[in-house]
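Shown next: input29.cif, containing mmCIF, C-alpha atoms and all ligand atoms.
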```cif
data_work
#
loop_
_atom_site.label_atom_id
_atom_site.label_comp_id
_atom_site.auth_asym_id
_atom_site.auth_seq_id
_atom_site.Cartn_x
_atom_site.Cartn_y
_atom_site.Cartn_z
CA MET A 1 0.00 0.00 0.00
CA SER A 2 1.19 3.52 -0.73
CA MET A 3 2.17 5.79 2.14
CA ILE A 4 -0.87 6.98 4.11
CA ARG A 5 -0.98 9.76 6.71
CA PHE A 6 -3.76 11.35 8.73
CA VAL A 7 -4.22 15.00 9.71
CA THR A 8 -6.96 16.40 11.93
CA ALA A 9 -8.87 19.46 10.70
CA ASP A 10 -7.17 21.51 13.44
CA GLY A 11 -3.80 20.16 12.33
CA LEU A 12 -4.04 21.55 8.79
CA PRO A 13 -2.37 24.94 9.57
CA GLY A 14 0.53 23.07 11.20
CA PHE A 15 0.86 20.88 8.10
CA LEU A 16 0.84 23.98 5.88
CA ALA A 17 3.50 25.59 8.11
CA HIS A 18 5.62 22.47 7.67
CA LEU A 19 5.17 22.63 3.88
CA ALA A 20 6.04 26.33 3.81
CA LYS A 21 9.25 25.98 5.77
CA ASP A 22 12.50 26.66 3.93
CA GLY A 23 10.73 29.20 1.72
CA GLN A 24 8.57 26.75 -0.23
CA ARG A 25 5.59 28.55 -1.79
CA VAL A 26 2.32 26.92 -0.74
CA LEU A 27 -0.70 28.00 -2.77
CA VAL A 28 -3.99 27.57 -0.90
CA PRO A 29 -7.60 28.40 -1.85
CA VAL A 30 -8.62 31.75 -0.32
CA GLU A 31 -12.07 33.35 -0.28
CA LYS A 32 -12.29 36.77 -1.94
CA PRO A 33 -15.53 38.51 -1.02
CA ALA A 34 -15.54 40.97 -3.93
CA ASN A 35 -18.61 41.87 -6.05
CA LYS A 36 -18.93 38.27 -7.01
CA PRO A 37 -17.60 36.09 -4.16
CA SER A 38 -14.83 33.90 -5.46
CA VAL A 39 -12.07 31.56 -4.34
CA VAL A 40 -8.55 31.96 -5.70
CA PHE A 41 -5.18 30.35 -4.96
CA GLU A 42 -2.77 32.54 -2.99
CA PRO A 43 0.50 31.94 -1.14
CA TRP A 44 -0.12 30.78 2.41
CA GLN A 45 1.44 32.56 5.41
CA GLU A 46 1.17 31.85 9.12
CA GLY A 47 -2.29 32.91 10.30
CA LYS A 48 -3.74 33.32 6.79
CA ALA A 49 -7.34 32.11 6.49
CA PHE A 50 -7.93 29.53 3.78
CA THR A 51 -10.83 27.44 2.59
CA LEU A 52 -11.21 23.94 1.20
CA ALA A 53 -13.97 25.03 -1.20
CA LYS A 54 -13.44 24.43 -4.91
CA ALA A 55 -11.60 27.42 -6.35
CA THR A 56 -13.34 29.71 -8.83
CA VAL A 57 -10.01 30.17 -10.63
CA PRO A 58 -7.91 27.04 -11.22
CA PRO A 59 -4.28 26.87 -10.01
CA LYS A 60 -2.92 26.87 -13.59
CA GLU A 61 -0.73 29.89 -12.77
CA ALA A 62 1.51 27.58 -10.72
CA VAL A 63 2.92 26.26 -14.01
CA LEU A 64 1.74 28.81 -16.59
CA PRO A 65 1.60 32.35 -15.18
CA GLN A 66 -0.82 34.78 -16.78
CA CYS A 67 2.23 36.81 -17.78
CA GLU A 68 5.86 35.80 -17.37
CA THR A 69 9.28 37.07 -18.41
CA LEU A 70 10.96 34.41 -20.53
CA PHE A 71 14.25 36.31 -20.65
CA SER A 72 15.68 39.83 -20.56
CA PHE A 73 17.93 41.27 -23.23
CA LYS A 74 20.33 44.15 -23.72
CA LYS A 75 22.14 45.28 -26.80
CA ALA A 76 25.43 47.18 -26.74
CA LYS A 77 27.05 49.01 -29.65
CA ASP A 78 30.74 48.54 -30.14
CA PRO A 79 32.13 52.13 -29.70
CA ALA A 80 34.91 51.40 -32.21
CA ASP A 81 32.47 49.98 -34.80
CA PRO A 82 28.91 51.19 -34.08
CA ALA A 83 27.53 48.89 -36.80
CA ARG A 84 28.45 45.95 -34.58
CA VAL A 85 25.92 45.22 -31.86
CA SER A 86 26.37 42.59 -29.19
CA LEU A 87 23.35 41.03 -27.54
CA GLN A 88 23.24 39.88 -23.92
CA LEU A 89 20.49 37.51 -22.82
CA GLU A 90 19.57 36.89 -19.21
CA GLU A 91 17.36 33.92 -18.41
CA ALA A 92 14.48 34.20 -15.97
CA PRO A 93 15.40 33.11 -12.42
CA PRO A 94 14.48 29.52 -11.46
CA PRO A 95 10.94 29.17 -10.07
CA PRO A 96 10.44 28.65 -6.34
CA PRO A 97 9.54 25.15 -5.16
CA THR A 98 5.75 25.22 -4.94
CA VAL A 99 2.95 23.16 -3.43
CA VAL A 100 -0.59 23.49 -4.72
CA PHE A 101 -2.71 22.52 -1.73
CA ALA A 102 -6.36 21.39 -1.88
CA CYS A 103 -6.97 21.77 -5.59
CA ARG A 104 -9.57 19.34 -6.95
CA PRO A 105 -9.00 16.24 -9.11
CA CYS A 106 -10.10 18.17 -12.23
CA ASP A 107 -7.42 20.80 -11.50
CA ALA A 108 -4.75 18.15 -11.07
CA ARG A 109 -5.83 16.50 -14.34
CA GLY A 110 -5.45 19.98 -15.86
CA PHE A 111 -1.71 19.82 -15.12
CA ALA A 112 -1.59 16.44 -16.90
CA VAL A 113 -3.33 18.00 -19.94
CA LEU A 114 -0.77 20.84 -20.05
CA ASP A 115 2.16 18.44 -19.59
CA ARG A 116 1.53 16.74 -22.94
CA PRO A 117 2.15 19.68 -25.29
CA TYR A 118 4.58 21.50 -22.98
CA LEU A 119 6.73 18.51 -21.98
CA HIS A 120 6.03 15.58 -24.28
CA GLY A 121 5.90 17.23 -27.71
CA PRO A 122 8.89 17.65 -30.04
CA PHE A 123 10.29 20.34 -27.69
CA ALA A 124 9.98 20.59 -23.91
CA ASP A 125 9.24 24.16 -22.85
CA PRO A 126 12.08 25.03 -20.43
CA CYS A 127 10.09 27.57 -18.35
CA TYR A 128 7.12 25.23 -17.97
CA LYS A 129 9.42 22.27 -17.25
CA ALA A 130 11.22 24.12 -14.47
CA ARG A 131 7.92 25.06 -12.81
CA ARG A 132 6.44 21.59 -13.22
CA GLU A 133 9.51 19.93 -11.74
CA ALA A 134 9.32 22.26 -8.75
CA LEU A 135 5.64 21.50 -8.15
CA THR A 136 3.90 19.17 -5.67
CA VAL A 137 0.16 18.74 -6.07
CA ILE A 138 -1.95 17.85 -3.02
CA THR A 139 -5.49 17.24 -4.20
CA LEU A 140 -8.66 17.19 -2.12
CA THR A 141 -11.03 14.55 -3.47
CA CYS A 142 -14.61 15.74 -4.03
CA ALA A 143 -17.43 14.50 -1.83
CA SER A 144 -19.96 14.94 -4.64
CA GLY A 145 -20.37 16.54 -8.04
CA CYS A 146 -22.11 19.85 -8.71
CA ASN A 147 -24.53 20.91 -11.43
CA THR A 148 -21.84 22.33 -13.70
CA CYS A 149 -19.04 19.78 -13.37
CA PHE A 150 -18.78 16.59 -15.43
CA CYS A 151 -15.34 15.12 -14.77
CA HIS A 152 -16.64 11.55 -15.11
CA TRP A 153 -17.79 12.23 -18.68
CA VAL A 154 -14.20 12.88 -19.78
CA GLY A 155 -12.13 10.21 -18.06
CA GLY A 156 -11.84 11.75 -14.58
CA GLY A 157 -13.82 11.46 -11.41
CA PRO A 158 -14.15 12.79 -7.85
CA SER A 159 -11.06 10.88 -6.71
CA SER A 160 -9.12 10.61 -9.97
CA PRO A 161 -5.37 10.52 -9.10
CA GLU A 162 -4.07 11.75 -12.48
CA GLY A 163 -1.81 14.78 -12.06
CA SER A 164 -1.75 14.54 -8.24
CA ASP A 165 1.16 13.69 -5.98
CA VAL A 166 -1.03 13.23 -2.91
CA LEU A 167 -4.78 12.60 -2.65
CA MET A 168 -6.47 13.97 0.46
CA THR A 169 -9.93 12.74 1.48
CA ALA A 170 -12.16 14.14 4.23
CA ILE A 171 -13.40 11.68 6.83
CA GLU A 172 -14.92 12.39 10.19
CA GLY A 173 -12.38 14.26 12.33
CA GLY A 174 -9.85 15.03 9.61
CA TYR A 175 -8.25 14.07 6.33
CA VAL A 176 -6.54 10.96 5.02
CA LEU A 177 -3.52 11.71 2.82
CA GLN A 178 -2.43 9.09 0.28
CA ALA A 179 0.82 9.37 -1.64
CA ILE A 180 0.32 8.79 -5.38
CA THR A 181 3.83 9.52 -6.72
CA PRO A 182 7.36 9.27 -5.29
CA ARG A 183 7.24 13.08 -4.90
CA GLY A 184 4.07 12.74 -2.83
CA GLU A 185 5.67 9.98 -0.78
CA ALA A 186 8.68 12.17 -0.01
CA CYS A 187 6.35 15.03 0.93
CA LEU A 188 4.40 12.89 3.42
CA ALA A 189 7.51 11.12 4.73
CA ALA A 190 9.05 14.48 5.63
CA SER A 191 5.99 15.49 7.66
CA ALA A 192 5.37 14.61 11.28
CA LEU A 193 1.85 13.39 10.50
CA PRO A 194 0.82 10.05 12.03
CA ASP A 195 0.24 6.93 9.97
CA GLY A 196 -3.28 6.77 8.51
CA ALA A 197 -3.43 3.18 7.26
CA GLU A 198 -6.01 2.26 9.89
CA VAL A 199 -8.48 4.95 8.77
CA PHE A 200 -7.79 4.56 5.04
CA PRO A 201 -10.84 2.27 4.52
CA ARG A 202 -13.01 5.20 5.64
CA ALA A 203 -11.45 7.35 2.93
CA GLU A 204 -12.14 4.62 0.39
CA GLU A 205 -15.78 4.52 1.50
CA ALA A 206 -16.06 8.31 1.15
CA ARG A 207 -14.57 8.14 -2.36
CA LYS A 208 -16.94 5.34 -3.36
CA ALA A 209 -19.94 7.31 -2.07
CA ALA A 210 -18.82 10.32 -4.13
CA TRP A 211 -18.66 8.20 -7.30
CA GLN A 212 -22.08 6.73 -6.53
CA SER A 213 -23.61 10.20 -6.16
CA LEU A 214 -22.86 11.05 -9.84
CA GLU A 215 -25.46 10.86 -12.60
CA PRO A 216 -24.62 8.34 -15.35
CA ALA A 217 -22.27 9.82 -17.96
CA PRO A 218 -23.07 9.86 -21.68
CA ASP A 219 -20.69 7.98 -23.95
CA LEU A 220 -18.40 10.54 -25.64
CA LYS A 221 -16.18 8.10 -27.50
CA ASP A 222 -17.60 9.20 -30.88
CA ALA A 223 -17.27 12.91 -30.09
CA PRO A 224 -13.95 13.40 -31.99
CA GLN A 225 -15.32 11.95 -35.25
CA ARG A 226 -18.71 13.64 -34.95
CA LEU A 227 -17.15 17.06 -34.29
CA ALA A 228 -14.73 16.59 -37.16
CA ALA A 229 -17.65 15.70 -39.44
CA LEU A 230 -19.41 18.95 -38.44
CA PHE A 231 -16.40 21.13 -39.23
CA THR A 232 -17.98 22.63 -42.36
CA ASP A 233 -21.52 22.81 -40.95
CA THR A 234 -21.53 26.54 -40.29
CA THR A 235 -25.24 26.55 -39.43
CA PHE A 236 -24.62 24.11 -36.57
CA TRP A 237 -21.85 26.30 -35.12
CA GLN A 238 -23.89 29.47 -35.55
CA GLU A 239 -26.81 27.93 -33.66
CA GLN A 240 -24.51 26.86 -30.84
CA THR A 241 -22.79 30.24 -30.61
CA ASP A 242 -25.59 32.79 -31.10
CA ARG A 243 -25.58 33.97 -27.48
CA CYS A 244 -21.78 34.16 -27.13
CA LEU A 245 -20.36 37.61 -26.33
CA SER A 246 -16.76 36.69 -27.24
CA CYS A 247 -15.72 37.81 -23.76
CA GLY A 248 -13.17 35.01 -23.37
CA ALA A 249 -14.08 34.15 -19.77
CA CYS A 250 -14.41 30.50 -20.76
CA THR A 251 -10.76 30.32 -21.80
CA TYR A 252 -9.34 32.44 -18.96
CA PHE A 253 -11.04 30.27 -16.31
CA CYS A 254 -10.10 27.02 -18.02
CA PRO A 255 -7.41 24.88 -16.35
CA THR A 256 -6.50 23.30 -19.69
CA CYS A 257 -6.41 26.21 -22.16
CA TYR A 258 -2.78 26.89 -22.91
CA CYS A 259 -2.49 29.30 -25.86
CA PHE A 260 -0.15 32.22 -25.36
CA ASN A 261 1.13 35.34 -27.03
CA ILE A 262 4.69 36.64 -27.12
CA THR A 263 5.56 40.31 -26.86
CA ASP A 264 8.80 42.21 -26.45
CA GLU A 265 8.77 45.11 -24.01
CA GLY A 266 11.35 47.87 -23.76
CA GLU A 267 14.18 48.11 -26.21
CA GLY A 268 17.47 46.40 -26.19
CA LEU A 269 19.53 49.51 -26.89
CA SER A 270 18.27 51.52 -23.92
CA GLU A 271 19.91 51.57 -20.48
CA LYS A 272 17.21 49.35 -19.06
CA GLY A 273 17.15 46.87 -21.91
CA GLY A 274 14.06 44.88 -22.76
CA ARG A 275 12.33 41.64 -21.94
CA ARG A 276 10.37 39.00 -23.76
CA LEU A 277 6.99 38.25 -22.21
CA ARG A 278 4.66 35.32 -22.58
CA SER A 279 1.02 35.98 -21.69
CA TRP A 280 -2.15 33.93 -21.90
CA ASP A 281 -4.05 34.39 -25.13
CA ASN A 282 -7.69 33.73 -25.84
CA CYS A 283 -8.98 31.92 -28.93
CA MET A 284 -12.49 33.35 -28.40
CA SER A 285 -11.18 36.82 -29.25
CA SER A 286 -11.36 38.00 -32.87
CA LEU A 287 -7.78 39.27 -32.54
CA PHE A 288 -6.42 35.81 -31.84
CA THR A 289 -6.09 34.83 -35.49
CA ARG A 290 -5.95 38.24 -37.15
CA GLU A 291 -2.98 38.23 -39.46
CA ALA A 292 -0.64 41.13 -40.21
CA SER A 293 -2.38 41.64 -43.56
CA GLY A 294 -5.71 42.18 -41.77
CA HIS A 295 -7.09 38.85 -43.00
CA ASN A 296 -8.73 36.83 -40.25
CA PRO A 297 -9.37 33.13 -40.89
CA ARG A 298 -11.72 32.98 -37.86
CA ASN A 299 -13.58 36.22 -38.35
CA ALA A 300 -16.90 34.99 -36.88
CA LYS A 301 -17.57 33.92 -33.32
CA ALA A 302 -19.10 30.62 -34.54
CA LEU A 303 -15.74 29.73 -36.14
CA ARG A 304 -13.95 30.56 -32.91
CA MET A 305 -16.33 28.39 -30.88
CA ARG A 306 -15.84 25.60 -33.39
CA ASN A 307 -12.11 25.86 -32.83
CA ARG A 308 -12.38 25.87 -29.03
CA VAL A 309 -14.73 22.92 -28.74
CA SER A 310 -13.12 20.91 -31.55
CA HIS A 311 -9.68 21.38 -30.05
CA LYS A 312 -10.77 20.04 -26.67
CA PHE A 313 -12.88 17.15 -27.96
CA ALA A 314 -11.37 16.25 -31.35
CA THR A 315 -7.92 17.65 -32.20
CA TYR A 316 -6.24 17.26 -28.81
CA PRO A 317 -7.54 13.67 -28.45
CA GLU A 318 -6.27 12.95 -31.96
CA ASN A 319 -2.79 14.12 -30.91
CA TRP A 320 -2.65 12.93 -27.33
CA GLY A 321 -5.28 10.21 -26.88
CA SER A 322 -7.53 11.95 -24.34
CA PHE A 323 -9.86 14.94 -24.16
CA SER A 324 -8.30 18.23 -23.17
CA CYS A 325 -11.43 19.22 -21.25
CA ASN A 326 -11.37 17.80 -17.74
CA GLY A 327 -15.00 18.63 -16.96
CA CYS A 328 -14.33 21.19 -14.23
CA GLY A 329 -17.37 23.20 -15.38
CA ARG A 330 -15.75 26.62 -14.88
CA CYS A 331 -16.47 27.75 -18.44
CA ILE A 332 -20.14 27.03 -17.72
CA SER A 333 -20.37 28.65 -14.29
CA ASN A 334 -18.44 31.76 -15.41
CA CYS A 335 -20.06 32.34 -18.80
CA PRO A 336 -22.17 35.53 -18.64
CA VAL A 337 -24.74 34.02 -21.01
CA CYS A 338 -24.68 30.47 -19.60
CA LEU A 339 -23.32 28.76 -22.70
CA ASP A 340 -22.71 25.12 -21.83
CA ILE A 341 -19.92 23.18 -23.55
CA ARG A 342 -21.64 19.91 -22.54
CA ALA A 343 -24.71 20.87 -24.57
CA ILE A 344 -22.57 21.63 -27.64
CA VAL A 345 -20.78 18.28 -27.49
CA LEU A 346 -24.06 16.42 -26.94
CA ALA A 347 -25.68 18.30 -29.84
CA ALA A 348 -22.73 17.31 -32.07
CA LEU A 349 -23.11 13.68 -31.01
CA GLU A 350 -26.84 13.77 -31.70
CA LYS A 351 -26.47 15.49 -35.05
CA GLY A 352 -23.79 13.02 -36.10
CA ALA A 353 -26.02 10.10 -35.08
CA ASP A 354 -28.89 11.55 -37.18
CA ALA A 355 -26.60 11.85 -40.18
S1 LIG B 401 -17.61 32.85 -21.58
FE1 LIG B 401 -19.52 32.52 -22.73
S2 LIG B 401 -19.95 34.51 -23.73
FE2 LIG B 401 -17.80 34.57 -23.05
S3 LIG B 401 -16.63 33.86 -24.88
FE3 LIG B 401 -17.01 32.04 -23.60
S4 LIG B 401 -18.91 31.14 -24.44
FE4 LIG B 401 -18.79 33.27 -25.22
S1 LIG B 402 -13.51 23.52 -21.27
FE1 LIG B 402 -14.75 24.19 -19.50
S2 LIG B 402 -15.25 22.31 -18.38
FE2 LIG B 402 -13.58 21.80 -19.80
S3 LIG B 402 -11.69 22.07 -18.58
FE3 LIG B 402 -12.07 24.05 -19.63
S4 LIG B 402 -13.26 25.29 -18.17
FE4 LIG B 402 -13.34 23.14 -17.46
#
```

Please express the file's structure as structure tokens.
Ligand code: SF4
Ligand code: SF4
Amino acid sequence: MSMIRFVTADGLPGFLAHLAKDGQRVLVPVEKPANKPSVVFEPWQEGKAFTLAKATVPPKEAVLPQCETLFSFKKAKDPADPARVSLQLEEAPPPPPTVVFACRPCDARGFAVLDRPYLHGPFADPCYKARREALTVITLTCASGCNTCFCHWVGGGPSSPEGSDVLMTAIEGGYVLQAITPRGEACLAASALPDGAEVFPRAEEARKAAWQSLEPAPDLKDAPQRLAALFTDTTFWQEQTDRCLSCGACTYFCPTCYCFNITDEGEGLSEKGGRRLRSWDNCMSSLFTREASGHNPRNAKALRMRNRVSHKFATYPENWGSFSCNGCGRCISNCPVCLDIRAIVLAALEKGADA
């Protein structure tokens, strides 16, 4: 059996303090009572209040910050030959070791979705790789589903271990922590938490009850072919997209969207030099595909929706063998006009079956 530990509810701050020692960054869910109450991941400090509620914003920033400096640059002219310019590059500093604490199984599966293109493609992205290698993921299993999430439709579930180093399950009086990876094992072994093998069966019962609480999932195995077959059916995509405002919230809240833009800021020849930035981009924006000539191959919102849904349920699976949507439901709960990606995929399945 893998390493099992137990922590009481009162013991959680002590466990976080242990994780945060030696300067390790520990990201915990924190309630933000703004206009629209939300839960976001923030670095933990002694005395900081945290919650175990599902975060409104996924912890994707732990590996893919909204905006990051890839490197800085400076150019210097040779005073003896001003036509000669030398370029100095300075790499970004290494990322701090980080723990994401109490994300949900869909969030952890989000890291696995990002790993494929960023680590397992023809080139490993060095900035992503450094962050991923410095990351430990401690995932709180879900006690039940909610009306917007559908992890079990897309290969996950309320206690799916994919992407997690440790799974944490609530039982009466505290939490059972189960190491999933060697990194998780090392994390638990270094803690002073007592062995939890004796109470592990109660965690297994809680996980089973969570699975049993879910509605049956539709079969999505034909989704890639059916979506591909609808690629040229503009009427279908227009019907599905009519209400969309192109605001992009669905992509910004998504734990698995990974498109980015590159910009250079400053100028190499100045005193301060410049830097190259990578920032999240948003395929629901009309600017995303606008070319320098002004031509835009996705000039209608229906074409942009087609791209977003087809990438998650057809193209990514074709390349990597699994959906790139993990069913977290955030694009549904945060869409101002309540567009539901589940309904689009089901409509594509139905339309394909009719054909
Ligand atoms: S959040 Fe909703 S309205 Fe905004 S771009 Fe996405 S689907 Fe369209
Ligand atoms: S597409 Fe929607 S449900 Fe799927 S992972 Fe992204 S935000 Fe979650």

Residues of chain A that have any atom at most 6 Å from an atom of ligand LIG 402 (chain B): could you tabulate them with the shortest-distance atom pair and the distance in Å to one decimal, using all atoms listed in the file, ordered by chain and increasing number, as a tab-separated table?
```
residue	atom	partner	partner_atom	distance
A:Cys250	CA	B:LIG402	S4	5.9
A:Phe253	CA	B:LIG402	S4	5.8
A:Cys254	CA	B:LIG402	S4	3.6
A:Pro255	CA	B:LIG402	S3	5.6
A:Thr256	CA	B:LIG402	S3	5.4
A:Cys325	CA	B:LIG402	FE2	3.7
A:Asn326	CA	B:LIG402	S3	4.4
A:Gly327	CA	B:LIG402	S2	4.0
A:Cys328	CA	B:LIG402	FE4	3.9
A:Gly329	CA	B:LIG402	S2	3.8
A:Arg330	CA	B:LIG402	S4	4.3
A:Cys331	CA	B:LIG402	S4	4.1
```

I need the residues from that last selection saved to file as a compact mmCIF listing (two decimals), in the frame of the given file (with C-alpha atoms), if you can.
```txt
# COMPACT_ATOMS: atom_id res chain seq x y z
CA CYS A 250 -14.41 30.50 -20.76
CA PHE A 253 -11.04 30.27 -16.31
CA CYS A 254 -10.10 27.02 -18.02
CA PRO A 255 -7.41 24.88 -16.35
CA THR A 256 -6.50 23.30 -19.69
CA CYS A 325 -11.43 19.22 -21.25
CA ASN A 326 -11.37 17.80 -17.74
CA GLY A 327 -15.00 18.63 -16.96
CA CYS A 328 -14.33 21.19 -14.23
CA GLY A 329 -17.37 23.20 -15.38
CA ARG A 330 -15.75 26.62 -14.88
CA CYS A 331 -16.47 27.75 -18.44
```

Tell me, as an MDAnalysis selection string, which residues lie within 7 Å of Leu277 in chain A, counting all atoms listed in the file; anything in the same chain fewer than 4 positions away does not count.
chainID A and resid 67:70 262:264

Deliver the residues from the most recent selection as a file, using C-alpha atoms, as an mmCIF file, in the frame of the given file.
```cif
data_model
loop_
_atom_site.group_PDB
_atom_site.id
_atom_site.type_symbol
_atom_site.label_atom_id
_atom_site.label_comp_id
_atom_site.auth_asym_id
_atom_site.auth_seq_id
_atom_site.Cartn_x
_atom_site.Cartn_y
_atom_site.Cartn_z
ATOM 1 C CA CYS A 67 2.230 36.810 -17.780
ATOM 2 C CA GLU A 68 5.860 35.800 -17.370
ATOM 3 C CA THR A 69 9.280 37.070 -18.410
ATOM 4 C CA LEU A 70 10.960 34.410 -20.530
ATOM 5 C CA ILE A 262 4.690 36.640 -27.120
ATOM 6 C CA THR A 263 5.560 40.310 -26.860
ATOM 7 C CA ASP A 264 8.800 42.210 -26.450
#
```

Interatomic distance (Å, one decimal) between CA of Val40 in chain A and CA of Val57 in chain A:
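These atoms are spaced 5.4 Å apart.
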
Test item: residues lying within 10 Å of ligand LIG 401 (chain B) with all atoms listed in the file, as a VMD selection string
chain A and resid 240 to 253 282 to 285 301 to 302 304 to 305 308 330 to 341

Taking only C-alpha atoms into account, produce a table as JSON lines in which each residue of range 194-245 of chain A with an atom at most 12 Å from an atom of range 347-352 of chain A appears once, together with its shortest atom pair and the distance in Å to one decimal, ordered by chain and rising number.
```
{"residue": "A:Pro218", "atom": "CA", "partner": "A:Leu349", "partner_atom": "CA", "distance": 10.1}
{"residue": "A:Asp219", "atom": "CA", "partner": "A:Leu349", "partner_atom": "CA", "distance": 9.4}
{"residue": "A:Leu220", "atom": "CA", "partner": "A:Leu349", "partner_atom": "CA", "distance": 7.8}
{"residue": "A:Lys221", "atom": "CA", "partner": "A:Leu349", "partner_atom": "CA", "distance": 9.6}
{"residue": "A:Asp222", "atom": "CA", "partner": "A:Leu349", "partner_atom": "CA", "distance": 7.1}
{"residue": "A:Ala223", "atom": "CA", "partner": "A:Leu349", "partner_atom": "CA", "distance": 6.0}
{"residue": "A:Pro224", "atom": "CA", "partner": "A:Leu349", "partner_atom": "CA", "distance": 9.2}
{"residue": "A:Gln225", "atom": "CA", "partner": "A:Gly352", "partner_atom": "CA", "distance": 8.6}
{"residue": "A:Arg226", "atom": "CA", "partner": "A:Gly352", "partner_atom": "CA", "distance": 5.2}
{"residue": "A:Leu227", "atom": "CA", "partner": "A:Ala348", "partner_atom": "CA", "distance": 6.0}
{"residue": "A:Ala228", "atom": "CA", "partner": "A:Ala348", "partner_atom": "CA", "distance": 9.5}
{"residue": "A:Ala229", "atom": "CA", "partner": "A:Gly352", "partner_atom": "CA", "distance": 7.5}
{"residue": "A:Leu230", "atom": "CA", "partner": "A:Ala348", "partner_atom": "CA", "distance": 7.4}
{"residue": "A:Phe231", "atom": "CA", "partner": "A:Ala348", "partner_atom": "CA", "distance": 10.3}
{"residue": "A:Asp233", "atom": "CA", "partner": "A:Ala348", "partner_atom": "CA", "distance": 10.5}
{"residue": "A:Thr235", "atom": "CA", "partner": "A:Lys351", "partner_atom": "CA", "distance": 12.0}
{"residue": "A:Phe236", "atom": "CA", "partner": "A:Ala348", "partner_atom": "CA", "distance": 8.4}
{"residue": "A:Trp237", "atom": "CA", "partner": "A:Ala348", "partner_atom": "CA", "distance": 9.5}
{"residue": "A:Glu239", "atom": "CA", "partner": "A:Ala347", "partner_atom": "CA", "distance": 10.4}
{"residue": "A:Gln240", "atom": "CA", "partner": "A:Ala347", "partner_atom": "CA", "distance": 8.7}
```

Report, in Å with one decimal, the straight-line distance from CA of Glu271 in chain A to CA of Phe73 in chain A.
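That distance, rounded to one decimal, is 10.8 Å.
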